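Everything below belongs to data14.cif, which stores mmCIF, C-alpha atoms and all ligand atoms.
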data_my_file
loop_
_atom_site.label_atom_id
_atom_site.label_comp_id
_atom_site.auth_asym_id
_atom_site.auth_seq_id
_atom_site.Cartn_x
_atom_site.Cartn_y
_atom_site.Cartn_z
CA MET J 15 -40.59 -57.19 -146.96
CA ASP J 16 -40.17 -55.99 -143.41
CA PRO J 17 -42.66 -57.17 -140.78
CA LYS J 18 -44.45 -53.81 -140.68
CA THR J 19 -45.21 -53.88 -144.41
CA LEU J 20 -46.30 -57.53 -144.17
CA ILE J 21 -48.72 -56.78 -141.35
CA ALA J 22 -50.18 -53.82 -143.24
CA ALA J 23 -50.61 -56.00 -146.35
CA LEU J 24 -52.25 -58.77 -144.31
CA ALA J 25 -54.66 -56.30 -142.72
CA ALA J 26 -55.57 -54.84 -146.11
CA GLU J 27 -55.76 -58.05 -148.18
CA HIS J 28 -56.62 -60.62 -145.46
CA THR J 29 -54.00 -62.90 -146.97
CA LEU J 30 -50.33 -63.03 -147.91
CA PRO J 31 -48.25 -65.01 -150.38
CA ASP J 32 -46.56 -68.10 -148.90
CA ASP J 33 -43.25 -66.33 -148.31
CA GLY J 34 -45.06 -63.51 -146.50
CA PHE J 35 -46.83 -65.86 -144.10
CA LEU J 36 -43.62 -67.81 -143.54
CA ALA J 37 -41.73 -64.60 -142.78
CA LEU J 38 -44.36 -63.57 -140.21
CA LEU J 39 -44.49 -67.02 -138.64
CA THR J 40 -40.71 -67.18 -138.25
CA ALA J 41 -40.05 -63.52 -137.39
CA ASP J 42 -37.82 -62.97 -134.38
CA GLU J 43 -39.75 -61.95 -131.27
CA ALA J 44 -37.02 -59.42 -130.57
CA ASP J 45 -37.99 -57.49 -133.71
CA GLY J 46 -41.23 -56.35 -132.12
CA VAL J 47 -43.56 -57.99 -134.67
CA ASP J 48 -45.91 -59.26 -132.02
CA ALA J 49 -46.74 -55.90 -130.47
CA LEU J 50 -47.53 -54.60 -133.95
CA LEU J 51 -49.55 -57.68 -134.92
CA PHE J 52 -51.58 -57.60 -131.71
CA ALA J 53 -52.32 -53.88 -132.09
CA GLU J 54 -53.56 -54.38 -135.66
CA ALA J 55 -55.59 -57.46 -134.70
CA ASP J 56 -57.15 -55.60 -131.79
CA ARG J 57 -57.99 -52.67 -134.02
CA VAL J 58 -59.76 -54.96 -136.49
CA ARG J 59 -61.53 -56.84 -133.73
CA ARG J 60 -62.82 -53.56 -132.27
CA GLU J 61 -64.00 -52.43 -135.70
CA VAL J 62 -66.16 -55.52 -136.08
CA TYR J 63 -67.04 -56.56 -132.51
CA GLY J 64 -66.22 -53.54 -130.37
CA ILE J 65 -65.08 -54.71 -126.95
CA ASP J 66 -67.66 -57.53 -126.78
CA VAL J 67 -66.59 -60.96 -125.59
CA TYR J 68 -69.02 -63.84 -126.10
CA LEU J 69 -69.33 -66.72 -123.69
CA ARG J 70 -69.98 -70.37 -124.59
CA GLY J 71 -70.94 -72.73 -121.81
CA LEU J 72 -68.98 -75.92 -122.34
CA ILE J 73 -70.61 -79.16 -121.20
CA GLU J 74 -68.13 -82.04 -121.37
CA PHE J 75 -70.74 -84.76 -121.32
CA THR J 76 -68.64 -87.88 -121.88
CA ASN J 77 -64.94 -88.69 -121.64
CA VAL J 78 -65.36 -92.07 -123.31
CA CYS J 79 -63.62 -92.12 -126.69
CA LYS J 80 -63.18 -94.81 -129.32
CA ASN J 81 -60.30 -92.90 -130.88
CA ASN J 82 -56.68 -93.10 -129.89
CA CYS J 83 -55.11 -89.77 -130.90
CA PHE J 84 -51.50 -89.74 -129.74
CA TYR J 85 -51.74 -86.31 -128.06
CA CYS J 86 -54.97 -86.67 -126.14
CA GLY J 87 -55.33 -87.57 -122.47
CA ILE J 88 -58.72 -89.27 -122.89
CA ARG J 89 -57.55 -91.52 -125.73
CA ARG J 90 -59.02 -95.01 -125.72
CA ASP J 91 -55.88 -96.77 -124.50
CA ASN J 92 -55.43 -94.58 -121.43
CA ARG J 93 -56.40 -96.98 -118.65
CA ASN J 94 -55.85 -94.34 -115.97
CA VAL J 95 -58.92 -92.34 -116.91
CA SER J 96 -62.02 -92.85 -114.84
CA ARG J 97 -64.69 -92.75 -117.53
CA TYR J 98 -68.04 -91.01 -117.13
CA ARG J 99 -71.18 -90.20 -119.08
CA LEU J 100 -73.73 -87.55 -118.18
CA THR J 101 -77.40 -88.46 -118.41
CA GLU J 102 -79.84 -86.38 -120.41
CA GLU J 103 -81.17 -84.91 -117.16
CA GLU J 104 -77.67 -83.99 -116.00
CA ILE J 105 -76.94 -82.29 -119.33
CA LEU J 106 -80.21 -80.37 -119.13
CA SER J 107 -79.51 -79.21 -115.61
CA CYS J 108 -76.08 -77.91 -116.75
CA CYS J 109 -77.94 -75.92 -119.41
CA ALA J 110 -80.42 -74.61 -116.85
CA GLU J 111 -77.63 -73.50 -114.54
CA GLY J 112 -75.80 -71.93 -117.47
CA PHE J 113 -78.93 -70.13 -118.60
CA SER J 114 -79.41 -68.60 -115.17
CA LEU J 115 -75.78 -67.45 -115.25
CA GLY J 116 -76.40 -65.65 -118.55
CA TYR J 117 -75.10 -68.20 -121.05
CA ARG J 118 -76.95 -68.27 -124.37
CA THR J 119 -74.77 -70.83 -126.14
CA PHE J 120 -74.28 -74.39 -124.97
CA VAL J 121 -71.47 -76.49 -126.36
CA LEU J 122 -71.96 -80.21 -125.95
CA GLN J 123 -68.50 -81.68 -126.26
CA GLY J 124 -67.44 -85.25 -125.79
CA GLY J 125 -65.16 -88.03 -126.89
CA GLU J 126 -66.38 -90.15 -129.79
CA ASP J 127 -68.59 -92.30 -127.57
CA PRO J 128 -70.80 -94.83 -129.39
CA PHE J 129 -73.12 -94.96 -126.35
CA TYR J 130 -74.60 -91.66 -127.53
CA THR J 131 -76.31 -92.96 -130.65
CA ASP J 132 -77.80 -90.54 -133.15
CA GLU J 133 -81.18 -91.26 -131.59
CA LYS J 134 -79.95 -90.28 -128.11
CA LEU J 135 -78.17 -87.16 -129.36
CA VAL J 136 -81.23 -86.09 -131.35
CA THR J 137 -83.38 -86.48 -128.23
CA ILE J 138 -80.96 -84.41 -126.15
CA VAL J 139 -80.61 -81.67 -128.77
CA SER J 140 -84.39 -81.50 -129.32
CA GLU J 141 -85.01 -81.17 -125.60
CA ILE J 142 -82.45 -78.36 -125.22
CA ARG J 143 -83.93 -76.64 -128.26
CA LYS J 144 -87.41 -76.90 -126.71
CA ARG J 145 -86.42 -75.68 -123.24
CA PHE J 146 -84.00 -72.95 -124.36
CA PRO J 147 -85.36 -71.63 -127.66
CA SER J 148 -83.28 -68.43 -127.49
CA CYS J 149 -79.98 -70.29 -127.17
CA ALA J 150 -77.50 -71.55 -129.73
CA ILE J 151 -76.67 -75.26 -129.53
CA THR J 152 -73.16 -76.25 -130.52
CA LEU J 153 -72.08 -79.85 -130.92
CA SER J 154 -68.52 -81.12 -130.73
CA VAL J 155 -68.73 -84.88 -130.92
CA GLY J 156 -66.27 -85.72 -133.65
CA GLU J 157 -66.43 -87.40 -137.03
CA LYS J 158 -69.87 -88.66 -138.12
CA SER J 159 -71.69 -89.44 -141.34
CA ARG J 160 -73.37 -86.68 -143.26
CA ALA J 161 -76.74 -88.21 -142.39
CA SER J 162 -75.95 -88.01 -138.66
CA TYR J 163 -74.90 -84.38 -138.95
CA GLN J 164 -78.12 -83.67 -140.84
CA ALA J 165 -80.19 -85.36 -138.12
CA TYR J 166 -78.60 -83.26 -135.33
CA PHE J 167 -79.12 -80.14 -137.41
CA ASP J 168 -82.78 -80.96 -138.00
CA ALA J 169 -83.16 -81.50 -134.24
CA GLY J 170 -82.00 -77.94 -133.59
CA ALA J 171 -78.20 -77.86 -133.46
CA ASP J 172 -76.81 -74.64 -134.97
CA ARG J 173 -73.07 -74.92 -134.72
CA TYR J 174 -70.39 -77.62 -134.84
CA LEU J 175 -66.81 -77.60 -133.62
CA LEU J 176 -64.37 -80.01 -135.22
CA ARG J 177 -60.76 -78.97 -135.26
CA HIS J 178 -58.96 -80.22 -138.33
CA GLU J 179 -55.86 -80.57 -136.04
CA THR J 180 -53.41 -80.22 -138.96
CA ALA J 181 -54.02 -79.71 -142.66
CA ASP J 182 -50.95 -81.64 -143.71
CA GLY J 183 -51.55 -85.33 -144.44
CA ASP J 184 -48.10 -86.49 -143.32
CA HIS J 185 -48.30 -84.49 -140.11
CA TYR J 186 -51.84 -85.77 -139.51
CA ALA J 187 -50.50 -89.32 -139.71
CA LYS J 188 -47.90 -88.54 -137.03
CA LEU J 189 -50.60 -87.36 -134.60
CA HIS J 190 -53.22 -90.03 -135.24
CA PRO J 191 -53.45 -93.80 -135.62
CA ALA J 192 -53.85 -95.16 -139.15
CA SER J 193 -57.58 -95.66 -138.54
CA MET J 194 -58.08 -91.90 -138.82
CA SER J 195 -57.56 -89.76 -141.90
CA LEU J 196 -57.31 -86.10 -142.78
CA GLU J 197 -59.52 -86.79 -145.81
CA ASN J 198 -62.43 -87.87 -143.62
CA ARG J 199 -61.87 -84.98 -141.26
CA LYS J 200 -62.08 -82.54 -144.16
CA ARG J 201 -65.12 -84.33 -145.58
CA CYS J 202 -66.85 -83.84 -142.22
CA LEU J 203 -66.08 -80.12 -142.15
CA PHE J 204 -67.35 -79.51 -145.69
CA ASP J 205 -70.48 -81.63 -145.03
CA LEU J 206 -71.21 -79.61 -141.89
CA LYS J 207 -70.87 -76.38 -143.80
CA GLU J 208 -73.09 -77.53 -146.65
CA ILE J 209 -75.79 -78.62 -144.21
CA GLY J 210 -75.89 -75.10 -142.83
CA TYR J 211 -74.01 -75.31 -139.55
CA GLN J 212 -71.81 -72.49 -138.37
CA VAL J 213 -68.57 -74.43 -138.40
CA GLY J 214 -65.49 -74.21 -136.22
CA ALA J 215 -62.12 -75.69 -137.21
CA GLY J 216 -58.66 -75.20 -135.79
CA MET J 217 -55.38 -76.73 -134.76
CA MET J 218 -53.01 -77.06 -131.85
CA ILE J 219 -49.95 -74.83 -131.95
CA GLY J 220 -46.66 -76.58 -131.34
CA SER J 221 -48.04 -80.09 -131.61
CA PRO J 222 -45.33 -82.74 -131.98
CA TYR J 223 -43.53 -82.67 -135.35
CA GLN J 224 -45.35 -79.51 -136.44
CA THR J 225 -43.32 -77.34 -138.83
CA THR J 226 -43.82 -73.76 -139.97
CA GLU J 227 -44.87 -75.15 -143.36
CA ASN J 228 -47.55 -77.18 -141.58
CA LEU J 229 -48.92 -73.97 -140.08
CA LEU J 230 -48.92 -72.38 -143.51
CA HIS J 231 -50.97 -75.37 -144.74
CA ASP J 232 -53.38 -74.78 -141.84
CA LEU J 233 -53.85 -71.15 -142.87
CA ARG J 234 -54.46 -72.15 -146.50
CA PHE J 235 -56.92 -74.83 -145.46
CA LEU J 236 -58.81 -72.35 -143.30
CA GLU J 237 -58.98 -69.98 -146.28
CA GLU J 238 -60.48 -72.78 -148.33
CA LEU J 239 -63.00 -73.79 -145.66
CA GLY J 240 -64.03 -70.32 -144.54
CA PRO J 241 -65.05 -71.31 -140.99
CA HIS J 242 -67.19 -69.13 -138.71
CA MET J 243 -65.11 -70.13 -135.70
CA ILE J 244 -61.42 -70.92 -135.34
CA GLY J 245 -60.19 -72.57 -132.16
CA ILE J 246 -56.47 -72.74 -131.53
CA GLY J 247 -54.45 -73.39 -128.43
CA PRO J 248 -50.97 -74.56 -127.49
CA TYR J 249 -50.30 -78.30 -127.50
CA LEU J 250 -49.88 -79.38 -123.88
CA THR J 251 -48.38 -82.65 -122.83
CA HIS J 252 -50.14 -85.46 -120.97
CA ARG J 253 -48.24 -88.09 -119.01
CA ASP J 254 -50.43 -91.00 -120.20
CA THR J 255 -49.98 -90.54 -123.94
CA PRO J 256 -47.30 -91.68 -126.41
CA PHE J 257 -46.26 -88.01 -126.61
CA ARG J 258 -45.49 -87.74 -122.88
CA ASP J 259 -41.92 -86.62 -123.57
CA MET J 260 -42.81 -84.02 -126.18
CA PRO J 261 -42.51 -80.34 -125.18
CA ASN J 262 -45.48 -78.02 -124.83
CA GLY J 263 -46.33 -75.59 -127.59
CA SER J 264 -45.50 -71.96 -126.98
CA LEU J 265 -47.62 -69.13 -125.66
CA SER J 266 -46.10 -66.53 -127.97
CA MET J 267 -46.58 -68.62 -131.11
CA THR J 268 -50.22 -69.23 -130.20
CA LEU J 269 -50.82 -65.52 -129.66
CA ARG J 270 -49.12 -64.70 -132.95
CA LEU J 271 -51.42 -67.13 -134.76
CA ILE J 272 -54.52 -65.67 -133.09
CA ALA J 273 -53.53 -62.22 -134.37
CA ILE J 274 -52.80 -63.50 -137.88
CA LEU J 275 -56.17 -65.29 -137.94
CA ARG J 276 -58.00 -62.15 -136.81
CA LEU J 277 -56.41 -60.22 -139.68
CA MET J 278 -57.26 -63.00 -142.15
CA PHE J 279 -60.82 -63.45 -140.85
CA PRO J 280 -62.01 -60.16 -139.33
CA ARG J 281 -65.50 -61.52 -138.53
CA ALA J 282 -64.45 -64.91 -137.14
CA LEU J 283 -65.29 -66.08 -133.65
CA ILE J 284 -61.93 -66.89 -132.10
CA PRO J 285 -61.81 -68.25 -128.55
CA ALA J 286 -59.14 -67.52 -126.01
CA THR J 287 -58.99 -71.22 -125.16
CA THR J 288 -58.65 -73.10 -121.91
CA ALA J 289 -55.29 -74.43 -123.12
CA LEU J 290 -54.10 -70.84 -123.46
CA GLY J 291 -55.26 -70.14 -119.91
CA THR J 292 -53.43 -73.26 -118.79
CA ILE J 293 -50.03 -72.47 -120.31
CA HIS J 294 -50.02 -69.02 -118.65
CA PRO J 295 -52.17 -67.62 -115.80
CA LYS J 296 -53.05 -64.60 -117.96
CA GLY J 297 -53.08 -66.52 -121.23
CA ARG J 298 -56.75 -65.96 -122.01
CA GLU J 299 -56.45 -62.23 -121.37
CA MET J 300 -53.44 -62.13 -123.67
CA GLY J 301 -55.47 -64.03 -126.27
CA LEU J 302 -58.23 -61.40 -126.10
CA ARG J 303 -55.68 -58.66 -126.58
CA ALA J 304 -54.25 -60.49 -129.60
CA GLY J 305 -57.63 -60.64 -131.35
CA ALA J 306 -59.70 -63.37 -129.69
CA ASN J 307 -63.34 -62.54 -128.87
CA VAL J 308 -64.81 -65.68 -127.27
CA ILE J 309 -64.30 -67.54 -124.00
CA MET J 310 -65.63 -71.02 -123.34
CA PRO J 311 -66.03 -71.58 -119.62
CA ASN J 312 -66.80 -74.98 -118.21
CA LEU J 313 -70.39 -75.80 -117.25
CA SER J 314 -69.78 -79.47 -116.53
CA PRO J 315 -70.64 -80.74 -113.04
CA LYS J 316 -67.68 -80.16 -110.75
CA ASP J 317 -67.24 -83.83 -109.88
CA VAL J 318 -66.42 -84.81 -113.50
CA ARG J 319 -64.23 -81.88 -114.48
CA LYS J 320 -60.91 -83.42 -113.54
CA LYS J 321 -61.79 -86.49 -115.55
CA TYR J 322 -61.96 -84.57 -118.82
CA GLU J 323 -58.22 -84.15 -118.85
CA LEU J 324 -57.09 -83.73 -122.46
CA TYR J 325 -53.82 -82.33 -121.12
CA GLU J 326 -52.29 -81.79 -117.69
CA ASN J 327 -52.99 -78.94 -115.26
CA LYS J 328 -56.19 -77.88 -117.02
CA ILE J 329 -57.60 -74.78 -115.31
CA CYS J 330 -61.05 -74.38 -113.74
CA THR J 331 -61.42 -78.03 -112.73
CA GLY J 332 -61.90 -77.11 -109.07
CA GLU J 333 -64.33 -74.23 -109.55
CA GLU J 334 -68.10 -74.18 -109.77
CA ALA J 335 -69.71 -72.73 -112.91
CA ALA J 336 -70.88 -69.70 -110.93
CA GLU J 337 -67.35 -69.04 -109.67
CA CYS J 338 -65.93 -69.09 -113.21
CA ARG J 339 -68.67 -66.71 -114.32
CA VAL J 340 -67.71 -64.09 -111.73
CA CYS J 341 -63.99 -64.67 -112.30
CA LEU J 342 -64.38 -64.16 -116.05
CA ASP J 343 -66.34 -60.94 -115.79
CA ARG J 344 -63.47 -59.56 -113.78
CA ARG J 345 -60.72 -60.88 -116.01
CA VAL J 346 -62.38 -59.76 -119.23
CA GLU J 347 -62.98 -56.31 -117.84
CA ALA J 348 -59.42 -56.01 -116.54
CA ALA J 349 -58.19 -56.88 -120.03
CA GLY J 350 -60.22 -53.99 -121.46
CA TYR J 351 -63.26 -55.83 -122.80
CA ARG J 352 -66.79 -56.69 -121.69
CA VAL J 353 -68.72 -59.96 -121.45
CA VAL J 354 -71.96 -59.93 -123.41
CA CYS J 355 -74.81 -62.30 -122.64
CA SER J 356 -76.15 -63.18 -126.08
CA ARG J 357 -76.00 -66.03 -128.56
CA GLY J 358 -73.00 -64.22 -130.00
CA ASP J 359 -73.46 -65.11 -133.65
CA ALA J 360 -70.76 -64.06 -136.11
CA LYS J 361 -71.25 -60.54 -137.45
N1 LIG P 1 -53.03 -80.31 -125.74
C1 LIG P 1 -53.75 -79.29 -126.26
N2 LIG P 1 -54.92 -79.47 -126.89
C2 LIG P 1 -55.40 -80.73 -127.00
N3 LIG P 1 -56.50 -81.19 -127.57
C3 LIG P 1 -56.53 -82.54 -127.40
N4 LIG P 1 -55.46 -82.94 -126.71
C4 LIG P 1 -54.72 -81.82 -126.46
C5 LIG P 1 -53.46 -81.59 -125.82
N5 LIG P 1 -52.75 -82.58 -125.29
C6 LIG P 1 -57.42 -80.35 -128.33
C7 LIG P 1 -57.64 -80.92 -129.74
C8 LIG P 1 -59.12 -81.20 -129.75
C9 LIG P 1 -59.65 -80.26 -128.70
C10 LIG P 1 -60.97 -80.66 -128.12
O1 LIG P 1 -58.66 -80.27 -127.71
O2 LIG P 1 -57.29 -79.94 -130.71
O3 LIG P 1 -59.72 -80.97 -131.00
FE1 LIG P 2 -62.75 -70.52 -113.97
FE2 LIG P 2 -61.47 -68.12 -113.42
S1 LIG P 2 -62.55 -68.77 -115.20
S2 LIG P 2 -61.86 -69.84 -112.11
#

Structure re-expressed in C-alpha cells:
Amino acid sequence: MDPKTLIAALAAEHTLPDDGFLALLTADEADGVDALLFAEADRVRREVYGIDVYLRGLIEFTNVCKNNCFYCGIRRDNRNVSRYRLTEEEILSCCAEGFSLGYRTFVLQGGEDPFYTDEKLVTIVSEIRKRFPSCAITLSVGEKSRASYQAYFDAGADRYLLRHETADGDHYAKLHPASMSLENRKRCLFDLKEIGYQVGAGMMIGSPYQTTENLLHDLRFLEELGPHMIGIGPYLTHRDTPFRDMPNGSLSMTLRLIAILRLMFPRALIPATTALGTIHPKGREMGLRAGANVIMPNLSPKDVRKKYELYENKICTGEEAAECRVCLDRRVEAAGYRVVCSRGDAK
C-alpha cells in the first residue's frame, strides 16, 4: 500500500496491520508522508479538541532517585548532580503561583526518592486537593505498590504519568539495570488504570538500540493499555550517563509518531514535550501541528530548574514561571492554536 492509502486506513480504523505500521514508520521523508500525516492528525485533533491547548504546570519536586536508568541525567550514580528536595510549603507555593497564572493541573514529578514516603505524599496531595479543589492533581513518581497508588488516589490524585519507556523486554533491559523490569512497569500501569487514575504512558523516540520493531511493540502496547495521555519525546544525550556517546533521537521521527498516535487515539492528551522543544527551537510548535494538544511548562522554583537535568540543554531553566506563561501564549497562538485555562480532561 502507498503511504496515502495507509494514512487513510489509519485515520478510519485507528490501527494498521504490522506491515502497515512498519511501512509508515520507515517511509522515506522525501516521499511527503509527513505533510500528509500531520494534516490528517491535525484534522482529527481539531474535530475532537478544536484549537484548544491544555497546560499542565510541572513541579519537579525532587531530583533524588534510587534508580539508575542508563539514559537519565539524574540517575543515582551521577555524582555531578546537586540534589534537592522541595518542602511541602515550597510545593504548595508553586501551586499557588501556578493557579494565579491560570494553571488548573499540577504535575508533581520527581525521581524515585524514598524520602517522600507514602505518608508524606498523601499529606502533600491532600493539602493541594484542599486548597485547589478545582484543579487536577497528577503524580509522576515512578513505580510503587498498588496499595501506595490507591493511597495517593484516595488522597485526591486524579492522574498518573509513568512512561513505559519501551514495550520490548530485551530493549528494556538495554536501557535499565537488572533491578528494573518491564513486567513491573506494566503491572504499575494496569494497577493505576484499575484504581481509576487517568493514566499516561509513553516512550522516548530514538533511544539507544531502539529498532522500528520496538516502536511497533510500543504502539501495540499502547493499544492494549488504552492510556488517556501519551508522552513521547526524542531521546537526548547526557554527558554523565553510560549513554554519553549515543546520538540524539530525531525530531522528524518524533513528530511522525505524534501524528500516528493522534490517528490511533483521537481523544488522547498528547503533550508537545520539553524534549521536543529542546531538540529544535520550534519543536513544541511543530508537535502541536502534528497532533499534540498539551504543553507542560515548568513551575518549579527557578533556583532548582537546572538541577533537574534529565538531558542536556533543557529549555526554560532560566525563565520564571510567569515568563514561560507569556511566552507560551504567544507561541501557541503563532502556531494556530489557543491556550485554555481548564483542567483539560480528555474528551
Ligand atoms: N532524553 C529524553 N528523555 C528522557 N527521559 C529521561 N531521560 C531522558 C533523556 N536522556 C524521559 C523518560 C522519563 C521522562 C520523565 O523523561 O522517558 O520517563
Ligand atoms: Fe519557557 Fe518560552 S516556554 S521561555

Neighbour list for Pro31 (chain J) as a PDB file with C-alpha atoms, in the coordinates of the input, cut-off 12 Å, all atoms listed in the file, skip fewer than 4 positions in-chain:
ATOM      1  CA  MET J  15     -40.590 -57.190-146.960  1.00  0.00           C
ATOM      2  CA  LEU J  20     -46.300 -57.530-144.170  1.00  0.00           C
ATOM      3  CA  ALA J  23     -50.610 -56.000-146.350  1.00  0.00           C
ATOM      4  CA  LEU J  24     -52.250 -58.770-144.310  1.00  0.00           C
ATOM      5  CA  GLU J  27     -55.760 -58.050-148.180  1.00  0.00           C
ATOM      6  CA  PHE J  35     -46.830 -65.860-144.100  1.00  0.00           C
ATOM      7  CA  LEU J  36     -43.620 -67.810-143.540  1.00  0.00           C
ATOM      8  CA  ALA J  37     -41.730 -64.600-142.780  1.00  0.00           C
ATOM      9  CA  LEU J  38     -44.360 -63.570-140.210  1.00  0.00           C
ATOM     10  CA  LEU J 230     -48.920 -72.380-143.510  1.00  0.00           C
ATOM     11  CA  LEU J 233     -53.850 -71.150-142.870  1.00  0.00           C
ATOM     12  CA  ARG J 234     -54.460 -72.150-146.500  1.00  0.00           C
TER      13      ARG J 234
END

TODO: Within 10 Å of Ala192 (chain J), counting all atoms listed in the file, which residues show up once you throw out same-chain ones fewer than 4 positions away? Write them as a list of chain:residue names, please.
DONE: J:Asn82, J:Cys83, J:Tyr186, J:Ala187, J:Lys188

Please give the centre and size of the box around region 204-220 of chain J (axis-aligned, containing every atom listed in the file, 4 Å added per side), with values in Å to one decimal and written as AutoDock Vina command-line options.
--center_x -61.3 --center_y -77.1 --center_z -139.0 --size_x 37.2 --size_y 17.1 --size_z 23.3

- [ ] Could I get the residue neighbourhood of ligand LIG 1 (chain P) at 9 Å, counting all atoms listed in the file, as a ChimeraX atom specification?
- [x] /J:83-89,123-125,154,156,175-179,215-219,221,245-252,255,257,262-263,288-290,323-326

Could you dump the residues just selected with C-alpha atoms as an mmCIF file, in the coordinates of the input?
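Output file result33.cif follows:
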data_model
loop_
_atom_site.group_PDB
_atom_site.id
_atom_site.type_symbol
_atom_site.label_atom_id
_atom_site.label_comp_id
_atom_site.auth_asym_id
_atom_site.auth_seq_id
_atom_site.Cartn_x
_atom_site.Cartn_y
_atom_site.Cartn_z
ATOM 1 C CA CYS J 83 -55.110 -89.770 -130.900
ATOM 2 C CA PHE J 84 -51.500 -89.740 -129.740
ATOM 3 C CA TYR J 85 -51.740 -86.310 -128.060
ATOM 4 C CA CYS J 86 -54.970 -86.670 -126.140
ATOM 5 C CA GLY J 87 -55.330 -87.570 -122.470
ATOM 6 C CA ILE J 88 -58.720 -89.270 -122.890
ATOM 7 C CA ARG J 89 -57.550 -91.520 -125.730
ATOM 8 C CA GLN J 123 -68.500 -81.680 -126.260
ATOM 9 C CA GLY J 124 -67.440 -85.250 -125.790
ATOM 10 C CA GLY J 125 -65.160 -88.030 -126.890
ATOM 11 C CA SER J 154 -68.520 -81.120 -130.730
ATOM 12 C CA GLY J 156 -66.270 -85.720 -133.650
ATOM 13 C CA LEU J 175 -66.810 -77.600 -133.620
ATOM 14 C CA LEU J 176 -64.370 -80.010 -135.220
ATOM 15 C CA ARG J 177 -60.760 -78.970 -135.260
ATOM 16 C CA HIS J 178 -58.960 -80.220 -138.330
ATOM 17 C CA GLU J 179 -55.860 -80.570 -136.040
ATOM 18 C CA ALA J 215 -62.120 -75.690 -137.210
ATOM 19 C CA GLY J 216 -58.660 -75.200 -135.790
ATOM 20 C CA MET J 217 -55.380 -76.730 -134.760
ATOM 21 C CA MET J 218 -53.010 -77.060 -131.850
ATOM 22 C CA ILE J 219 -49.950 -74.830 -131.950
ATOM 23 C CA SER J 221 -48.040 -80.090 -131.610
ATOM 24 C CA GLY J 245 -60.190 -72.570 -132.160
ATOM 25 C CA ILE J 246 -56.470 -72.740 -131.530
ATOM 26 C CA GLY J 247 -54.450 -73.390 -128.430
ATOM 27 C CA PRO J 248 -50.970 -74.560 -127.490
ATOM 28 C CA TYR J 249 -50.300 -78.300 -127.500
ATOM 29 C CA LEU J 250 -49.880 -79.380 -123.880
ATOM 30 C CA THR J 251 -48.380 -82.650 -122.830
ATOM 31 C CA HIS J 252 -50.140 -85.460 -120.970
ATOM 32 C CA THR J 255 -49.980 -90.540 -123.940
ATOM 33 C CA PHE J 257 -46.260 -88.010 -126.610
ATOM 34 C CA ASN J 262 -45.480 -78.020 -124.830
ATOM 35 C CA GLY J 263 -46.330 -75.590 -127.590
ATOM 36 C CA THR J 288 -58.650 -73.100 -121.910
ATOM 37 C CA ALA J 289 -55.290 -74.430 -123.120
ATOM 38 C CA LEU J 290 -54.100 -70.840 -123.460
ATOM 39 C CA GLU J 323 -58.220 -84.150 -118.850
ATOM 40 C CA LEU J 324 -57.090 -83.730 -122.460
ATOM 41 C CA TYR J 325 -53.820 -82.330 -121.120
ATOM 42 C CA GLU J 326 -52.290 -81.790 -117.690
#

- [ ] Find the residues near ligand LIG 2 (chain P). Use a cut-off of 10 Å, count all atoms listed in the file, and write them as a PyMOL selection string.
- [x] chain J and resi 288+291+295+298+309-313+329-346

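Interatomic distance, CA of Gly301 (chain J) to CA of Arg59 (chain J): 12.0 Å.
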